[in-house]
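Shown next: data_23.csv, containing CSV, C-alpha atoms and all ligand atoms.
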chain,number,residue,atom,x,y,z
A,23,MET,CA,-66.8,-36.6,52.7
A,24,MET,CA,-70.5,-37.1,52.2
A,25,GLY,CA,-70.6,-40.3,54.2
A,26,SER,CA,-69.2,-38.6,57.3
A,27,ASP,CA,-72.1,-36.2,57.5
A,28,TRP,CA,-74.6,-38.7,58.9
A,29,VAL,CA,-75.0,-38.4,62.7
A,30,ALA,CA,-76.6,-41.0,64.9
A,31,VAL,CA,-79.3,-39.2,66.9
A,32,ALA,CA,-81.3,-42.0,68.5
A,33,GLY,CA,-81.9,-45.8,68.6
A,34,LEU,CA,-84.9,-47.3,66.8
A,35,ALA,CA,-86.4,-48.3,70.2
A,36,ASP,CA,-86.1,-44.7,71.5
A,37,VAL,CA,-89.0,-43.5,69.3
A,38,PRO,CA,-92.0,-45.9,69.5
A,39,LYS,CA,-94.6,-45.9,66.7
A,40,GLY,CA,-97.0,-43.0,67.1
A,41,GLU,CA,-94.6,-40.9,69.1
A,42,ILE,CA,-92.4,-37.9,68.6
A,43,ARG,CA,-89.1,-37.3,70.5
A,44,GLU,CA,-86.7,-34.4,70.7
A,45,VAL,CA,-83.1,-35.3,69.9
A,46,LEU,CA,-79.8,-33.4,69.8
A,47,PHE,CA,-78.5,-32.7,66.3
A,48,ASP,CA,-76.0,-30.3,64.8
A,49,GLY,CA,-75.8,-28.1,67.9
A,50,GLY,CA,-79.5,-27.9,68.4
A,51,VAL,CA,-82.7,-29.9,68.9
A,52,ILE,CA,-84.7,-31.5,66.1
A,53,ALA,CA,-87.7,-33.9,66.3
A,54,ILE,CA,-88.0,-37.5,65.3
A,55,ALA,CA,-91.5,-38.9,64.6
A,56,HIS,CA,-92.4,-42.6,64.1
A,57,THR,CA,-95.5,-43.0,61.9
A,58,GLU,CA,-97.0,-45.9,60.0
A,59,SER,CA,-94.8,-44.7,57.1
A,60,GLY,CA,-91.6,-44.9,59.1
A,61,PHE,CA,-89.3,-42.4,60.8
A,62,PHE,CA,-89.0,-38.7,60.0
A,63,ALA,CA,-86.5,-36.1,61.3
A,64,PHE,CA,-87.7,-32.6,61.1
A,65,ASP,CA,-87.5,-29.0,62.4
A,66,ASN,CA,-88.8,-29.1,66.0
A,67,ASN,CA,-89.7,-25.4,66.0
A,68,CYS,CA,-93.2,-24.5,64.9
A,69,ALA,CA,-93.1,-21.8,62.2
A,70,HIS,CA,-95.7,-19.9,64.1
A,71,MET,CA,-94.2,-19.2,67.5
A,72,GLY,CA,-91.5,-21.7,67.8
A,73,VAL,CA,-93.3,-24.2,70.1
A,74,SER,CA,-91.7,-27.7,70.2
A,75,LEU,CA,-93.5,-29.8,67.6
A,76,ALA,CA,-92.4,-32.9,69.6
A,77,GLN,CA,-95.1,-31.8,72.1
A,78,GLY,CA,-97.7,-32.0,69.3
A,79,ALA,CA,-99.8,-34.8,68.0
A,80,LEU,CA,-99.4,-37.1,65.0
A,81,CYS,CA,-102.3,-37.7,62.6
A,82,GLY,CA,-101.0,-40.2,60.1
A,83,ASP,CA,-97.9,-38.5,58.6
A,84,VAL,CA,-99.0,-35.0,59.8
A,85,VAL,CA,-97.7,-33.4,62.9
A,86,ILE,CA,-100.0,-30.9,64.6
A,87,CYS,CA,-98.6,-28.1,66.8
A,88,PRO,CA,-100.1,-28.3,70.3
A,89,LEU,CA,-100.6,-24.5,70.6
A,90,HIS,CA,-102.6,-23.3,67.6
A,91,LYS,CA,-102.8,-26.4,65.4
A,92,TRP,CA,-100.5,-25.4,62.6
A,93,SER,CA,-99.8,-28.6,60.8
A,94,TYR,CA,-97.0,-30.1,58.8
A,95,ASP,CA,-96.9,-33.1,56.4
A,96,LEU,CA,-93.7,-35.1,57.1
A,97,LYS,CA,-93.9,-37.1,53.9
A,98,THR,CA,-94.1,-34.1,51.6
A,99,ALA,CA,-92.2,-31.6,53.8
A,100,VAL,CA,-94.8,-28.9,53.5
A,101,MET,CA,-97.2,-27.1,55.9
A,102,THR,CA,-100.8,-28.3,55.5
A,103,TYR,CA,-102.4,-25.6,57.7
A,104,PRO,CA,-102.8,-22.6,57.7
A,105,GLN,CA,-100.3,-21.9,54.8
A,106,ALA,CA,-100.7,-25.1,52.7
A,107,GLY,CA,-97.7,-25.8,50.6
A,108,ARG,CA,-95.2,-23.7,52.6
A,109,PRO,CA,-91.9,-25.6,52.7
A,110,PHE,CA,-91.0,-27.2,56.0
A,111,SER,CA,-87.6,-28.8,57.0
A,112,VAL,CA,-87.6,-32.6,56.9
A,113,PHE,CA,-84.0,-33.9,57.1
A,114,PRO,CA,-82.6,-36.9,55.3
A,115,LEU,CA,-82.8,-39.9,57.6
A,116,LYS,CA,-81.5,-43.5,57.4
A,117,ILE,CA,-81.3,-46.5,59.6
A,118,VAL,CA,-78.1,-48.3,60.3
A,119,ASN,CA,-77.6,-51.0,62.9
A,120,ASP,CA,-80.8,-50.0,64.8
A,121,GLN,CA,-79.7,-46.4,64.9
A,122,LEU,CA,-81.4,-43.4,63.4
A,123,LEU,CA,-78.9,-41.3,61.4
A,124,VAL,CA,-79.7,-37.8,60.2
A,125,ARG,CA,-77.9,-35.6,57.8
A,126,ARG,CA,-78.0,-31.9,57.1
A,127,PHE,CA,-79.3,-30.8,53.7
A,128,PRO,CA,-76.6,-31.0,51.0
A,129,GLU,CA,-76.6,-27.3,50.4
A,130,GLU,CA,-75.8,-26.7,54.0
A,131,VAL,CA,-72.9,-29.1,54.1
A,132,GLY,CA,-69.4,-27.8,53.7
A,133,GLU,CA,-70.1,-24.3,52.8
B,1,LIG,S1,-97.0,-22.0,68.0
B,1,LIG,FE1,-97.4,-23.6,66.7
B,1,LIG,S2,-99.3,-23.1,65.9
B,1,LIG,FE2,-98.9,-21.4,67.1

Produce structure tokens that represent the structure in this file.
Amino acid sequence: MMGSDWVAVAGLADVPKGEIREVLFDGGVIAIAHTESGFFAFDNNCAHMGVSLAQGALCGDVVICPLHKWSYDLKTAVMTYPQAGRPFSVFPLKIVNDQLLVRRFPEEVGE
């Protein structure tokens, strides 16, 4: 049933390049960013105090929390500041018919 785990969370046009949006996913809210590298779906809650990262800034493929500047690399799925290398949740994402589809991590599916 792997194919049924993908969920459409937004349309391509809903997330303009250089922007971050909050979207509903799996009973909660995640963030979608559109960088020069493409689209990324990730944990919206800053690991510091839970502030919405969708309110933060994009610098290349790095999202920077608006409150205390903790930073996360969307391409490598790790924090870059202040705890460089700490894992950060970036979800599998694909594009189908102008829709952004997101999937939970395989280890979280069907447990
Ligand atoms: S809440 Fe994000 S850096 Fe403090």

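Using all atoms listed in the file, the smallest distance between any of A:Gly72, A:Pro104, A:Pro114, A:Pro109 and Leu89 (chain A) comes from A:Gly72.
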
Per residue of chain A within 9 Å of ligand LIG 1 (chain B), which atom pair is closest and at what distance in Å (one decimal), using all atoms listed in the file, listed by chain and increasing number, as a Markdown table?
| residue | atom | partner | partner_atom | distance |
| --- | --- | --- | --- | --- |
| A:Asn67 | CA | B:LIG1 | FE1 | 7.9 |
| A:Cys68 | CA | B:LIG1 | FE1 | 4.7 |
| A:Ala69 | CA | B:LIG1 | FE1 | 6.5 |
| A:His70 | CA | B:LIG1 | S1 | 4.6 |
| A:Met71 | CA | B:LIG1 | S1 | 4.0 |
| A:Gly72 | CA | B:LIG1 | S1 | 5.5 |
| A:Val73 | CA | B:LIG1 | S1 | 4.8 |
| A:Ser74 | CA | B:LIG1 | FE1 | 7.8 |
| A:Leu75 | CA | B:LIG1 | FE1 | 7.4 |
| A:Gly78 | CA | B:LIG1 | FE1 | 8.8 |
| A:Ile86 | CA | B:LIG1 | S2 | 7.9 |
| A:Cys87 | CA | B:LIG1 | FE1 | 4.7 |
| A:Pro88 | CA | B:LIG1 | FE1 | 6.5 |
| A:Leu89 | CA | B:LIG1 | FE2 | 5.0 |
| A:His90 | CA | B:LIG1 | S2 | 3.7 |
| A:Lys91 | CA | B:LIG1 | S2 | 4.8 |
| A:Trp92 | CA | B:LIG1 | S2 | 4.2 |
| A:Ser93 | CA | B:LIG1 | S2 | 7.5 |
| A:Pro104 | CA | B:LIG1 | S2 | 8.9 |

Keeping only C-alpha atoms, write the selected residues to a file as a PDB file, in the frame of the given file.
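To be explicit, this is the file written out as part27.pdb:
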ATOM      1  CA  ASN A  67     -89.700 -25.400  66.000  1.00  0.00           C
ATOM      2  CA  CYS A  68     -93.200 -24.500  64.900  1.00  0.00           C
ATOM      3  CA  ALA A  69     -93.100 -21.800  62.200  1.00  0.00           C
ATOM      4  CA  HIS A  70     -95.700 -19.900  64.100  1.00  0.00           C
ATOM      5  CA  MET A  71     -94.200 -19.200  67.500  1.00  0.00           C
ATOM      6  CA  GLY A  72     -91.500 -21.700  67.800  1.00  0.00           C
ATOM      7  CA  VAL A  73     -93.300 -24.200  70.100  1.00  0.00           C
ATOM      8  CA  SER A  74     -91.700 -27.700  70.200  1.00  0.00           C
ATOM      9  CA  LEU A  75     -93.500 -29.800  67.600  1.00  0.00           C
ATOM     10  CA  GLY A  78     -97.700 -32.000  69.300  1.00  0.00           C
ATOM     11  CA  ILE A  86    -100.000 -30.900  64.600  1.00  0.00           C
ATOM     12  CA  CYS A  87     -98.600 -28.100  66.800  1.00  0.00           C
ATOM     13  CA  PRO A  88    -100.100 -28.300  70.300  1.00  0.00           C
ATOM     14  CA  LEU A  89    -100.600 -24.500  70.600  1.00  0.00           C
ATOM     15  CA  HIS A  90    -102.600 -23.300  67.600  1.00  0.00           C
ATOM     16  CA  LYS A  91    -102.800 -26.400  65.400  1.00  0.00           C
ATOM     17  CA  TRP A  92    -100.500 -25.400  62.600  1.00  0.00           C
ATOM     18  CA  SER A  93     -99.800 -28.600  60.800  1.00  0.00           C
ATOM     19  CA  PRO A 104    -102.800 -22.600  57.700  1.00  0.00           C
TER      20      PRO A 104
END

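Interatomic distance, CA of Val112 (chain A) to CA of Gly33 (chain A): 18.5 Å.
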
If you measure from CA of Tyr94 (chain A) to CA of Asn119 (chain A), what distance in Å do you get, rounded to one decimal? 28.8 Å

Separation of CA of Lys116 (chain A) and CA of Phe47 (chain A), in Å? 14.3 Å
